[in-house]
$ cat structure_0.csv   # CSV, C-alpha atoms (C1' of nucleotides)
chain,number,residue,atom,x,y,z
G,9,MET,CA,-118.4,16.2,6.6
G,10,THR,CA,-115.7,13.5,7.1
G,11,THR,CA,-112.1,14.1,6.2
G,12,PRO,CA,-111.2,12.8,2.8
G,13,ILE,CA,-109.1,9.6,2.6
G,14,ARG,CA,-105.5,9.6,1.4
G,15,THR,CA,-105.7,10.4,-2.3
G,16,ARG,CA,-102.2,9.5,-3.3
G,17,VAL,CA,-99.3,7.5,-2.1
G,18,LEU,CA,-96.8,9.5,-0.2
G,19,ASP,CA,-93.3,8.5,-0.9
G,20,ARG,CA,-90.3,8.2,1.4
G,21,ILE,CA,-89.3,11.8,0.9
G,22,ASP,CA,-92.8,13.2,1.6
G,23,LEU,CA,-93.0,11.2,4.8
G,24,ALA,CA,-89.5,12.4,5.8
G,25,ILE,CA,-90.6,16.0,5.3
G,26,LEU,CA,-93.7,15.5,7.4
G,27,ASP,CA,-91.6,13.9,10.1
G,28,VAL,CA,-89.1,16.8,10.2
G,29,LEU,CA,-91.8,19.5,10.1
G,30,GLN,CA,-93.7,17.8,12.9
G,31,ARG,CA,-90.7,18.0,15.1
G,32,ASN,CA,-89.4,21.3,13.9
G,33,GLY,CA,-92.1,23.3,12.2
G,34,ARG,CA,-90.0,26.4,11.7
G,35,ILE,CA,-86.9,24.9,10.1
G,36,SER,CA,-85.8,26.8,7.0
G,37,ASN,CA,-86.6,25.3,3.6
G,38,VAL,CA,-82.9,25.1,2.9
G,39,ASN,CA,-82.1,23.0,6.0
G,40,LEU,CA,-85.3,20.9,5.5
G,41,ALA,CA,-84.0,20.1,2.0
G,42,LYS,CA,-80.7,19.0,3.4
G,43,GLU,CA,-82.5,16.7,5.9
G,44,VAL,CA,-84.4,15.0,3.2
G,45,ASN,CA,-81.6,15.0,0.6
G,46,LEU,CA,-83.2,17.3,-1.9
G,47,SER,CA,-82.3,20.7,-3.3
G,48,PRO,CA,-84.4,23.6,-2.0
G,49,SER,CA,-86.7,24.0,-4.9
G,50,PRO,CA,-88.3,20.5,-5.2
G,51,CYS,CA,-88.4,20.4,-1.4
G,52,LEU,CA,-90.4,23.6,-1.3
G,53,ASP,CA,-92.7,22.2,-4.1
G,54,ARG,CA,-93.4,19.2,-2.0
G,55,VAL,CA,-94.1,21.2,1.2
G,56,LYS,CA,-96.5,23.4,-0.7
G,57,LYS,CA,-98.2,20.4,-2.2
G,58,LEU,CA,-98.5,18.7,1.2
G,59,GLU,CA,-100.1,21.9,2.6
G,60,SER,CA,-102.5,22.4,-0.3
G,61,GLU,CA,-103.6,18.8,-0.2
G,62,GLY,CA,-104.3,19.0,3.5
G,63,TYR,CA,-101.6,16.6,4.9
G,64,ILE,CA,-100.3,19.6,6.8
G,65,GLU,CA,-103.1,21.5,8.4
G,66,GLY,CA,-100.9,24.3,9.8
G,67,TYR,CA,-98.1,25.2,12.1
G,68,SER,CA,-98.1,26.0,15.8
G,69,ALA,CA,-95.7,27.3,18.4
G,70,ARG,CA,-95.6,25.0,21.5
G,71,LEU,CA,-96.0,27.1,24.5
G,72,ASN,CA,-94.9,26.3,28.1
G,73,SER,CA,-98.2,26.2,30.0
G,74,ALA,CA,-96.6,26.3,33.4
G,75,LYS,CA,-94.7,29.5,32.7
G,76,LEU,CA,-97.9,31.0,31.3
G,77,GLY,CA,-99.7,30.3,34.5
G,78,GLN,CA,-101.8,27.3,33.4
G,79,ALA,CA,-100.2,24.4,35.1
G,80,LEU,CA,-103.2,22.5,36.2
G,81,VAL,CA,-104.8,19.9,33.9
G,82,ALA,CA,-107.9,17.9,34.6
G,83,HIS,CA,-109.8,15.3,32.7
G,84,VAL,CA,-113.6,15.4,33.2
G,85,GLU,CA,-116.0,12.7,32.3
G,86,ILE,CA,-119.4,13.9,31.4
G,87,THR,CA,-122.7,12.0,31.1
G,88,LEU,CA,-125.8,13.6,29.6
G,89,LYS,CA,-129.3,13.1,30.7
G,90,SER,CA,-130.4,11.7,27.4
G,91,SER,CA,-128.8,10.6,24.2
G,92,THR,CA,-130.8,12.7,21.8
G,93,GLU,CA,-129.2,14.8,19.2
G,94,ALA,CA,-130.8,17.9,20.6
G,95,VAL,CA,-129.1,17.4,23.9
G,96,PHE,CA,-125.8,16.6,22.3
G,97,SER,CA,-126.0,19.6,20.1
G,98,VAL,CA,-126.6,22.0,23.0
G,99,PHE,CA,-123.7,20.5,24.9
G,100,ARG,CA,-121.3,20.9,22.0
G,101,GLU,CA,-122.3,24.5,21.5
G,102,HIS,CA,-121.6,25.3,25.1
G,103,ILE,CA,-118.4,23.3,25.7
G,104,VAL,CA,-116.6,24.7,22.6
G,105,LYS,CA,-117.0,28.2,23.9
G,106,ILE,CA,-115.2,27.7,27.2
G,107,PRO,CA,-111.6,28.8,26.6
G,108,GLN,CA,-110.1,26.6,29.3
G,109,VAL,CA,-111.5,23.5,27.5
G,110,VAL,CA,-108.5,22.2,25.6
G,111,SER,CA,-110.2,19.3,23.9
G,112,CYS,CA,-113.5,17.4,24.1
G,113,ASP,CA,-114.2,14.0,22.7
G,114,MET,CA,-117.5,12.1,22.4
G,115,VAL,CA,-116.8,8.5,23.5
G,116,ALA,CA,-118.3,5.1,23.5
G,117,GLY,CA,-118.4,3.4,26.9
G,118,GLY,CA,-119.5,4.4,30.4
G,119,PHE,CA,-120.0,8.1,29.8
G,120,ASP,CA,-120.6,10.5,26.9
G,121,TYR,CA,-117.8,13.0,26.7
G,122,LEU,CA,-114.3,13.3,27.9
G,123,VAL,CA,-113.3,16.9,28.4
G,124,LYS,CA,-109.7,18.0,29.0
G,125,ILE,CA,-109.3,21.4,30.7
G,126,ARG,CA,-106.3,23.5,31.6
G,127,VAL,CA,-106.5,26.1,34.4
G,128,ALA,CA,-104.3,28.2,36.6
G,129,ASP,CA,-105.3,26.8,39.9
G,130,MET,CA,-108.1,25.0,41.9
G,131,ALA,CA,-110.2,28.2,42.1
G,132,GLN,CA,-110.3,28.4,38.4
G,133,TYR,CA,-110.9,24.7,38.1
G,134,ARG,CA,-114.0,25.1,40.2
G,135,GLU,CA,-115.1,28.0,38.1
G,136,VAL,CA,-114.7,26.1,34.8
G,137,LEU,CA,-116.3,23.0,36.2
G,138,GLY,CA,-119.2,25.1,37.2
G,139,LYS,CA,-119.7,26.3,33.7
G,140,ILE,CA,-119.5,22.8,32.4
G,141,VAL,CA,-122.0,21.2,34.7
G,142,GLU,CA,-124.4,24.1,34.3
G,143,THR,CA,-124.7,23.3,30.6
G,144,PRO,CA,-128.2,22.1,29.9
G,145,GLY,CA,-128.5,18.4,29.7
G,146,VAL,CA,-125.5,17.5,31.8
G,147,SER,CA,-126.3,14.7,34.3
G,148,THR,CA,-123.1,13.5,36.0
G,149,ASN,CA,-119.4,14.3,36.0
G,150,HIS,CA,-116.2,12.9,37.4
G,151,THR,CA,-112.9,14.7,37.5
G,152,TYR,CA,-109.4,13.2,37.3
G,153,MET,CA,-106.8,15.8,38.2
G,154,VAL,CA,-103.4,15.2,36.5
G,155,ILE,CA,-100.6,14.6,38.9
G,156,GLU,CA,-97.8,14.1,36.4
G,157,HIS,CA,-97.4,14.2,32.6
G,158,ILE,CA,-95.7,10.9,31.6
G,159,LYS,CA,-95.9,11.5,27.9
G,160,ILE,CA,-96.9,14.8,26.3
G,161,ASP,CA,-98.6,15.0,23.0
G,162,SER,CA,-96.2,13.1,20.8
G,163,GLY,CA,-97.1,13.7,17.2
G,164,LEU,CA,-98.1,11.1,14.6
G,165,THR,CA,-95.8,8.2,13.8
G,166,VAL,CA,-95.2,9.0,10.2
G,167,LEU,CA,-92.1,7.0,9.3
J,5,MET,CA,-87.3,18.9,38.3
J,6,THR,CA,-90.3,21.2,38.1
J,7,THR,CA,-90.7,23.9,35.4
J,8,PRO,CA,-89.5,27.3,36.6
J,9,ILE,CA,-92.2,29.8,37.4
J,10,ARG,CA,-92.7,32.9,35.3
J,11,THR,CA,-89.6,35.0,35.8
J,12,ARG,CA,-90.8,38.3,34.4
J,13,VAL,CA,-94.0,40.0,33.4
J,14,LEU,CA,-94.9,39.5,29.8
J,15,ASP,CA,-96.3,42.7,28.3
J,16,ARG,CA,-99.2,43.0,25.9
J,17,ILE,CA,-96.9,42.7,22.9
J,18,ASP,CA,-95.2,39.5,24.1
J,19,LEU,CA,-98.6,37.9,24.7
J,20,ALA,CA,-99.7,39.0,21.2
J,21,ILE,CA,-96.6,37.4,19.7
J,22,LEU,CA,-97.3,34.1,21.6
J,23,ASP,CA,-100.9,34.2,20.4
J,24,VAL,CA,-100.0,34.7,16.8
J,25,LEU,CA,-97.3,32.1,16.8
J,26,GLN,CA,-99.5,29.6,18.5
J,27,ARG,CA,-102.0,29.9,15.7
J,28,ASN,CA,-99.5,30.4,12.8
J,29,GLY,CA,-96.1,29.1,13.8
J,30,ARG,CA,-94.5,29.6,10.4
J,31,ILE,CA,-95.5,33.3,9.9
J,32,SER,CA,-92.5,35.3,8.7
J,33,ASN,CA,-91.0,37.7,11.2
J,34,VAL,CA,-91.9,40.6,8.9
J,35,ASN,CA,-95.6,39.7,9.0
J,36,LEU,CA,-95.5,38.9,12.7
J,37,ALA,CA,-94.1,42.3,13.3
J,38,LYS,CA,-97.0,43.9,11.4
J,39,GLU,CA,-99.5,41.9,13.4
J,40,VAL,CA,-98.2,43.1,16.7
J,41,ASN,CA,-97.4,46.7,15.5
J,42,LEU,CA,-93.6,46.6,15.8
J,43,SER,CA,-90.8,46.9,13.3
J,44,PRO,CA,-89.1,43.6,12.4
J,45,SER,CA,-86.0,43.9,14.5
J,46,PRO,CA,-87.5,44.4,18.0
J,47,CYS,CA,-90.1,41.8,17.1
J,48,LEU,CA,-87.4,39.2,16.3
J,49,ASP,CA,-85.6,40.2,19.5
J,50,ARG,CA,-88.7,39.4,21.5
J,51,VAL,CA,-89.3,36.1,19.7
J,52,LYS,CA,-85.7,35.0,20.4
J,53,LYS,CA,-86.0,36.0,24.0
J,54,LEU,CA,-89.3,34.1,24.4
J,55,GLU,CA,-87.7,31.1,22.9
J,56,SER,CA,-84.5,31.3,25.1
J,57,GLU,CA,-86.5,31.9,28.2
J,58,GLY,CA,-88.6,28.8,27.5
J,59,TYR,CA,-92.0,30.4,27.0
J,60,ILE,CA,-91.8,28.9,23.5
J,61,GLU,CA,-90.7,25.3,23.6
J,62,GLY,CA,-90.7,24.7,19.9
J,63,TYR,CA,-92.7,24.6,16.7
J,64,SER,CA,-94.7,21.8,15.1
J,65,ALA,CA,-96.5,21.1,11.9
J,66,ARG,CA,-100.1,20.0,12.6
J,67,LEU,CA,-100.6,16.9,10.5
J,68,ASN,CA,-104.0,15.5,9.3
J,69,SER,CA,-104.2,12.1,11.1
J,70,ALA,CA,-107.0,10.8,9.0
J,71,LYS,CA,-105.2,11.4,5.8
J,72,LEU,CA,-102.2,9.7,7.3
J,73,GLY,CA,-104.2,6.6,8.2
J,74,GLN,CA,-104.4,7.1,11.9
J,75,ALA,CA,-108.1,8.0,12.3
J,76,LEU,CA,-108.9,6.0,15.4
J,77,VAL,CA,-108.4,7.5,18.9
J,78,ALA,CA,-109.0,5.8,22.2
J,79,HIS,CA,-108.6,6.8,25.8
J,80,VAL,CA,-107.5,4.0,28.1
J,81,GLU,CA,-107.8,4.1,31.9
J,82,ILE,CA,-105.1,2.0,33.6
J,83,THR,CA,-104.9,0.8,37.2
J,84,LEU,CA,-101.8,-0.7,38.5
J,85,LYS,CA,-101.5,-3.5,41.0
J,86,SER,CA,-99.8,-1.4,43.6
J,87,SER,CA,-98.9,2.2,44.2
J,88,THR,CA,-95.2,1.8,44.8
J,89,GLU,CA,-92.7,3.9,43.0
J,90,ALA,CA,-91.1,0.8,41.6
J,91,VAL,CA,-94.3,-0.2,39.8
J,92,PHE,CA,-94.9,3.3,38.5
J,93,SER,CA,-91.4,3.5,37.2
J,94,VAL,CA,-91.6,0.3,35.2
J,95,PHE,CA,-95.0,1.4,33.7
J,96,ARG,CA,-93.6,4.8,32.7
J,97,GLU,CA,-90.6,3.2,31.0
J,98,HIS,CA,-92.8,0.9,29.0
J,99,ILE,CA,-95.6,3.2,28.0
J,100,VAL,CA,-93.3,6.0,26.7
J,101,LYS,CA,-91.8,3.6,24.2
J,102,ILE,CA,-95.1,2.7,22.5
J,103,PRO,CA,-95.3,5.0,19.4
J,104,GLN,CA,-99.1,4.9,19.2
J,105,VAL,CA,-99.3,6.3,22.7
J,106,VAL,CA,-99.9,10.0,22.1
J,107,SER,CA,-100.1,11.1,25.7
J,108,CYS,CA,-100.1,9.6,29.2
J,109,ASP,CA,-101.1,11.3,32.4
J,110,MET,CA,-100.9,10.0,35.9
J,111,VAL,CA,-104.1,11.1,37.6
J,112,ALA,CA,-105.8,11.3,41.0
J,113,GLY,CA,-109.1,9.5,41.3
J,114,GLY,CA,-110.5,6.1,40.4
J,115,PHE,CA,-107.5,4.9,38.4
J,116,ASP,CA,-103.8,5.6,38.0
J,117,TYR,CA,-103.1,6.6,34.4
J,118,LEU,CA,-105.1,8.0,31.5
J,119,VAL,CA,-103.5,6.9,28.2
J,120,LYS,CA,-104.5,8.3,24.8
J,121,ILE,CA,-103.7,6.2,21.8
J,122,ARG,CA,-104.0,6.8,18.1
J,123,VAL,CA,-104.2,3.9,15.7
J,124,ALA,CA,-105.2,3.0,12.1
J,125,ASP,CA,-107.9,0.6,12.9
J,126,MET,CA,-109.3,-1.9,15.5
J,127,ALA,CA,-106.8,-4.5,14.7
J,128,GLN,CA,-104.0,-2.1,15.6
J,129,TYR,CA,-105.9,-1.0,18.6
J,130,ARG,CA,-106.0,-4.5,19.8
J,131,GLU,CA,-102.3,-4.9,19.2
J,132,VAL,CA,-101.4,-1.7,21.1
J,133,LEU,CA,-103.8,-2.5,24.0
J,134,GLY,CA,-102.0,-5.8,24.2
J,135,LYS,CA,-98.7,-4.1,24.7
J,136,ILE,CA,-100.1,-1.8,27.3
J,137,VAL,CA,-101.8,-4.5,29.5
J,138,GLU,CA,-98.8,-6.8,29.2
J,139,THR,CA,-96.7,-4.1,31.0
J,140,PRO,CA,-95.6,-5.5,34.3
J,141,GLY,CA,-97.8,-4.2,37.2
J,142,VAL,CA,-100.9,-3.4,35.1
J,143,SER,CA,-104.0,-4.6,36.9
J,144,THR,CA,-107.1,-3.3,35.1
J,145,ASN,CA,-108.0,-1.3,32.0
J,146,HIS,CA,-111.0,0.4,30.5
J,147,THR,CA,-111.1,1.7,26.9
J,148,TYR,CA,-113.3,4.6,25.7
J,149,MET,CA,-113.2,4.8,21.9
J,150,VAL,CA,-113.6,8.3,20.5
J,151,ILE,CA,-116.7,8.7,18.3
J,152,GLU,CA,-116.4,12.3,17.5
J,153,HIS,CA,-113.9,15.1,18.2
J,154,ILE,CA,-115.9,18.1,19.5
J,155,LYS,CA,-112.9,20.3,20.2
J,156,ILE,CA,-109.4,19.6,19.1
J,157,ASP,CA,-106.4,20.6,21.0
J,158,SER,CA,-107.0,24.3,21.2
J,159,GLY,CA,-103.9,26.0,22.5
J,160,LEU,CA,-103.4,28.1,25.6
J,161,THR,CA,-105.5,31.1,26.2
J,162,VAL,CA,-102.8,33.7,26.3
J,163,LEU,CA,-104.6,37.0,25.7
L,14,DT,C1',-81.3,67.4,36.1
L,15,DG,C1',-78.1,64.4,34.4
L,16,DT,C1',-76.9,59.4,33.6
L,17,DC,C1',-77.9,54.9,32.6
L,18,DA,C1',-80.6,51.2,30.8
L,19,DT,C1',-84.2,49.7,27.9
L,20,DG,C1',-86.6,49.3,23.8
L,21,DC,C1',-87.4,51.0,19.4
L,22,DA,C1',-86.9,52.2,14.1
L,23,DG,C1',-84.2,52.2,10.1
L,24,DC,C1',-80.5,50.8,7.4
L,25,DA,C1',-76.9,47.5,5.7
L,26,DT,C1',-75.6,42.8,5.1
L,27,DT,C1',-76.3,38.1,5.0
L,28,DT,C1',-79.2,34.3,4.2
L,29,DA,C1',-83.3,32.2,2.6
L,30,DA,C1',-87.6,31.9,-0.3
L,31,DT,C1',-89.2,31.9,-4.7
L,32,DT,C1',-89.3,31.7,-9.7
L,33,DC,C1',-87.4,30.2,-14.0
L,34,DT,C1',-84.9,27.2,-17.0
L,35,DG,C1',-82.9,23.2,-18.7
L,36,DT,C1',-81.9,18.3,-17.8
L,37,DT,C1',-82.9,13.7,-16.3
L,38,DT,C1',-85.9,9.9,-15.6
L,39,DC,C1',-89.9,7.3,-15.9
L,40,DT,C1',-94.0,5.9,-18.5
L,41,DG,C1',-96.7,4.4,-22.1
L,42,DA,C1',-97.8,4.3,-27.1
L,43,DG,C1',-96.5,3.1,-31.4
V,1,DC,C1',-87.1,-1.0,-29.3
V,2,DT,C1',-87.7,3.8,-29.8
V,3,DC,C1',-89.8,8.1,-29.2
V,4,DA,C1',-93.1,11.6,-27.2
V,5,DG,C1',-94.9,13.4,-23.0
V,6,DA,C1',-95.0,14.2,-18.2
V,7,DA,C1',-93.0,14.5,-13.7
V,8,DA,C1',-89.4,15.6,-10.8
V,9,DC,C1',-85.1,17.4,-10.1
V,10,DA,C1',-80.8,20.7,-9.8
V,11,DG,C1',-78.9,25.0,-10.3
V,12,DA,C1',-79.0,30.0,-11.3
V,13,DA,C1',-81.2,34.5,-10.9
V,14,DT,C1',-84.3,37.3,-8.5
V,15,DT,C1',-87.1,38.8,-4.7
V,16,DA,C1',-87.9,38.8,0.1
V,17,DA,C1',-86.8,37.9,4.8
V,18,DA,C1',-83.6,37.3,8.7
V,19,DT,C1',-80.0,39.2,11.1
V,20,DG,C1',-76.9,42.6,13.0
V,21,DC,C1',-75.6,47.4,13.7
V,22,DT,C1',-76.3,52.3,14.8
V,23,DG,C1',-78.5,56.0,16.8
V,24,DC,C1',-82.6,58.1,18.9
V,25,DA,C1',-86.3,58.3,22.4
V,26,DT,C1',-88.3,57.1,26.7
V,27,DG,C1',-88.4,56.1,31.5
V,28,DA,C1',-86.0,54.9,36.0
V,29,DC,C1',-83.1,56.5,39.3
V,30,DA,C1',-79.6,58.8,41.6
$ encode --input "structure_0.csv" --output "structure tokens"
Amino acid sequence: MTTPIRTRVLDRIDLAILDVLQRNGRISNVNLAKEVNLSPSPCLDRVKKLESEGYIEGYSARLNSAKLGQALVAHVEITLKSSTEAVFSVFREHIVKIPQVVSCDMVAGGFDYLVKIRVADMAQYREVLGKIVETPGVSTNHTYMVIEHIKIDSGLTVL
Amino acid sequence: MTTPIRTRVLDRIDLAILDVLQRNGRISNVNLAKEVNLSPSPCLDRVKKLESEGYIEGYSARLNSAKLGQALVAHVEITLKSSTEAVFSVFREHIVKIPQVVSCDMVAGGFDYLVKIRVADMAQYREVLGKIVETPGVSTNHTYMVIEHIKIDSGLTVL
DNA sequence: TGTCATGCAGCATTTAATTCTGTTTCTGAG
DNA sequence: CTCAGAAACAGAATTAAATGCTGCATGACA
């Protein structure tokens, strides 16, 4: 259920590899090896090991959302009608299926879920919000439209 | 200042390339070509073009935050004392420099900024929150600790 | 209908990934 | 203190991929 805890101590070189790959996931192994002061073969061994042990979960291209017509981001706070597992469960099932929902966190505090959505325009925002609030069990919602991205998804601080 | 609008129409193959690379950023060009039913050379041409035109901004390894000792995520709503550009500017400068701040959006609605932070534990949360609220101009703050990640950073819907 | 531009496949060359081997270094037992 | 074993490394050889080049096919346009 939960993610396993760190099973071994990563040394300086492992952390350097993670740091480089987080910033440049498509660097060649030869150049990665240079960055971390190793020869290519042990460097590749370490990367494979970090992958198989789950420190690296995968690699992604970062796409420009504005150029792909999805410039509008909104954060939506959702409160459910009751805090029973049955209601939570239904909400989870529904929310996960909406493609424009980028992320969804259950939170402790004044509401139940914080949902981040990414859409092309206000018309689509309205459409997606409709889908969300129509989910059985949803009581109230508040939207905060993003005006400006001050800091965008910086990775983990690994060094 | 703003990101340029889409300058050309991406065809089905371009979108398929983006979709594959978003899910597997380190796939070899040979295999990518197979996925999108092209031979390697035109496939590589398209990738390079998508990169140079800015549709692809870069590539990242996705790291397992729990295994790297940063399992705790919190969303912090920040309100500033005044809505002048001078105050905003100071806040931006400070917030960007805090490594544990993963993202920060200026929003329209009941508060000014929504800040996402990632920390090891509550002690570090307290430390980081201290840095945030000590930033000149900050008036009020509310934290929502994440209990469960329902949907994690799904990419753009490109197809 | 001919010409140009675009995009493609296939081949050749360069570069990188992968595998294998031998050496060094560290650790722990005797 | 010394030796056996394991782990990690560098370097060479092999396999595979990236890159660059050439020519063909297709579609736009005069």
$ residues_around --input "structure_0.csv" --residues "Val115 (chain G)" --least-positions-apart "6" --cutoff "6 Å" --atoms "all atoms listed in the file" --output "compact mmCIF listing (two decimals) with C-alpha atoms, in the frame of the given file"
# COMPACT_ATOMS: atom_id res chain seq x y z
CA TYR G 121 -117.80 13.00 26.70
CA TYR J 148 -113.30 4.60 25.70
CA MET J 149 -113.20 4.80 21.90
CA VAL J 150 -113.60 8.30 20.50
CA ILE J 151 -116.70 8.70 18.30
$ closest_residue --input "structure_0.csv" --among "J:Ser45, J:Ser56, J:Thr88, J:Ser64" --to "chain G" --atoms "only C-alpha atoms"
J:Ser64
$ interface_residues --input "structure_0.csv" --of "chain G" --to "chain L" --cutoff "12 Å" --atoms "all atoms listed in the file" --output "list in words"
Ile35, Ser36, Asn37, Val38, Asn39, Leu40, Pro48, Ser49, Pro50, Cys51, Leu52, Asp53 and Lys56 of chain G
$ write_last_selection --input "structure_0.csv" --atoms "C-alpha atoms" --output "PDB file, keeping the file's coordinate frame"
ATOM      1  CA  ILE G  35     -86.900  24.900  10.100  1.00  0.00           C
ATOM      2  CA  SER G  36     -85.800  26.800   7.000  1.00  0.00           C
ATOM      3  CA  ASN G  37     -86.600  25.300   3.600  1.00  0.00           C
ATOM      4  CA  VAL G  38     -82.900  25.100   2.900  1.00  0.00           C
ATOM      5  CA  ASN G  39     -82.100  23.000   6.000  1.00  0.00           C
ATOM      6  CA  LEU G  40     -85.300  20.900   5.500  1.00  0.00           C
ATOM      7  CA  PRO G  48     -84.400  23.600  -2.000  1.00  0.00           C
ATOM      8  CA  SER G  49     -86.700  24.000  -4.900  1.00  0.00           C
ATOM      9  CA  PRO G  50     -88.300  20.500  -5.200  1.00  0.00           C
ATOM     10  CA  CYS G  51     -88.400  20.400  -1.400  1.00  0.00           C
ATOM     11  CA  LEU G  52     -90.400  23.600  -1.300  1.00  0.00           C
ATOM     12  CA  ASP G  53     -92.700  22.200  -4.100  1.00  0.00           C
ATOM     13  CA  LYS G  56     -96.500  23.400  -0.700  1.00  0.00           C
TER      14      LYS G  56
END
$ residues_around --input "structure_0.csv" --residues "region 75-88 of chain G" --least-positions-apart "5" --cutoff "6 Å" --atoms "all atoms listed in the file" --output "ChimeraX atom specification"
/G:119-128,145-154 /J:9-10
$ residues_around --input "structure_0.csv" --residues "Arg20 (chain G)" --least-positions-apart "4" --cutoff "10 Å" --atoms "only C-alpha atoms (C1' of nucleotides)" --output "list in words"
Ala24, Ile25, Val44 and Leu167 of chain G
$ closest_atom_pairs --input "structure_0.csv" --of "chain G" --to "chain J" --cutoff "6 Å" --atoms "all atoms listed in the file" --output "JSON lines"
{"residue": "G:Ile13", "atom": "CA", "partner": "J:Lys71", "partner_atom": "CA", "distance": 5.4}
{"residue": "G:Arg14", "atom": "CA", "partner": "J:Lys71", "partner_atom": "CA", "distance": 4.8}
{"residue": "G:Leu29", "atom": "CA", "partner": "J:Ala65", "partner_atom": "CA", "distance": 5.3}
{"residue": "G:Gln30", "atom": "CA", "partner": "J:Ala65", "partner_atom": "CA", "distance": 4.4}
{"residue": "G:Arg31", "atom": "CA", "partner": "J:Ser64", "partner_atom": "CA", "distance": 5.5}
{"residue": "G:Asn32", "atom": "CA", "partner": "J:Tyr63", "partner_atom": "CA", "distance": 5.4}
{"residue": "G:Gly33", "atom": "CA", "partner": "J:Ser64", "partner_atom": "CA", "distance": 4.2}
{"residue": "G:Arg34", "atom": "CA", "partner": "J:Arg30", "partner_atom": "CA", "distance": 5.7}
{"residue": "G:Tyr63", "atom": "CA", "partner": "J:Asn68", "partner_atom": "CA", "distance": 5.1}
{"residue": "G:Ile64", "atom": "CA", "partner": "J:Leu67", "partner_atom": "CA", "distance": 4.6}
{"residue": "G:Glu65", "atom": "CA", "partner": "J:Arg66", "partner_atom": "CA", "distance": 5.4}
{"residue": "G:Gly66", "atom": "CA", "partner": "J:Arg66", "partner_atom": "CA", "distance": 5.2}
{"residue": "G:Tyr67", "atom": "CA", "partner": "J:Ala65", "partner_atom": "CA", "distance": 4.4}
{"residue": "G:Ser68", "atom": "CA", "partner": "J:Gly29", "partner_atom": "CA", "distance": 4.2}
{"residue": "G:Ala69", "atom": "CA", "partner": "J:Tyr63", "partner_atom": "CA", "distance": 4.4}
{"residue": "G:Arg70", "atom": "CA", "partner": "J:Gly62", "partner_atom": "CA", "distance": 5.2}
{"residue": "G:Leu71", "atom": "CA", "partner": "J:Ile60", "partner_atom": "CA", "distance": 4.7}
{"residue": "G:Asn72", "atom": "CA", "partner": "J:Tyr59", "partner_atom": "CA", "distance": 5.1}
{"residue": "G:Lys75", "atom": "CA", "partner": "J:Arg10", "partner_atom": "CA", "distance": 4.7}
{"residue": "G:Val110", "atom": "CA", "partner": "J:Ser158", "partner_atom": "CA", "distance": 5.1}
{"residue": "G:Ser111", "atom": "CA", "partner": "J:Lys155", "partner_atom": "CA", "distance": 4.7}
{"residue": "G:Cys112", "atom": "CA", "partner": "J:Lys155", "partner_atom": "CA", "distance": 4.9}
{"residue": "G:Asp113", "atom": "CA", "partner": "J:His153", "partner_atom": "CA", "distance": 4.6}
{"residue": "G:Met114", "atom": "CA", "partner": "J:Glu152", "partner_atom": "CA", "distance": 5.0}
{"residue": "G:Val115", "atom": "CA", "partner": "J:Val150", "partner_atom": "CA", "distance": 4.4}
{"residue": "G:Ala116", "atom": "CA", "partner": "J:Met149", "partner_atom": "CA", "distance": 5.4}
{"residue": "G:Gly117", "atom": "CA", "partner": "J:Tyr148", "partner_atom": "CA", "distance": 5.4}
{"residue": "G:Tyr152", "atom": "CA", "partner": "J:Gly113", "partner_atom": "CA", "distance": 5.5}
{"residue": "G:Met153", "atom": "CA", "partner": "J:Ala112", "partner_atom": "CA", "distance": 5.4}
{"residue": "G:Val154", "atom": "CA", "partner": "J:Val111", "partner_atom": "CA", "distance": 4.3}
{"residue": "G:Ile155", "atom": "CA", "partner": "J:Val111", "partner_atom": "CA", "distance": 5.1}
{"residue": "G:Glu156", "atom": "CA", "partner": "J:Met110", "partner_atom": "CA", "distance": 5.2}
{"residue": "G:His157", "atom": "CA", "partner": "J:Asp109", "partner_atom": "CA", "distance": 4.7}
{"residue": "G:Ile158", "atom": "CA", "partner": "J:Cys108", "partner_atom": "CA", "distance": 5.2}
{"residue": "G:Lys159", "atom": "CA", "partner": "J:Ser107", "partner_atom": "CA", "distance": 4.8}
{"residue": "G:Ile160", "atom": "CA", "partner": "J:Ser107", "partner_atom": "CA", "distance": 4.9}
{"residue": "G:Asp161", "atom": "CA", "partner": "J:Ser107", "partner_atom": "CA", "distance": 5.0}
{"residue": "G:Ser162", "atom": "CA", "partner": "J:Val106", "partner_atom": "CA", "distance": 5.0}
$ atom_distance --input "structure_0.csv" --atom1 "CA of His98 (chain J)" --atom2 "CA of Glu131 (chain J)"
14.8 Å
$ atom_distance --input "structure_0.csv" --atom1 "CA of Leu42 (chain J)" --atom2 "CA of Ile17 (chain J)"
8.7 Å
$ atom_distance --input "structure_0.csv" --atom1 "CA of Ser47 (chain G)" --atom2 "C1' of DT15 (chain V)"
18.8 Å
$ closest_atom_pairs --input "structure_0.csv" --of "chain V" --to "chain G" --cutoff "10 Å" --atoms "only C-alpha atoms (C1' of nucleotides)" --output "tab-separated table"
residue	atom	partner	partner_atom	distance
V:DA8	C1'	G:Pro50	CA	7.5
V:DC9	C1'	G:Pro50	CA	6.6
V:DA10	C1'	G:Ser47	CA	6.7
V:DG11	C1'	G:Ser47	CA	8.9
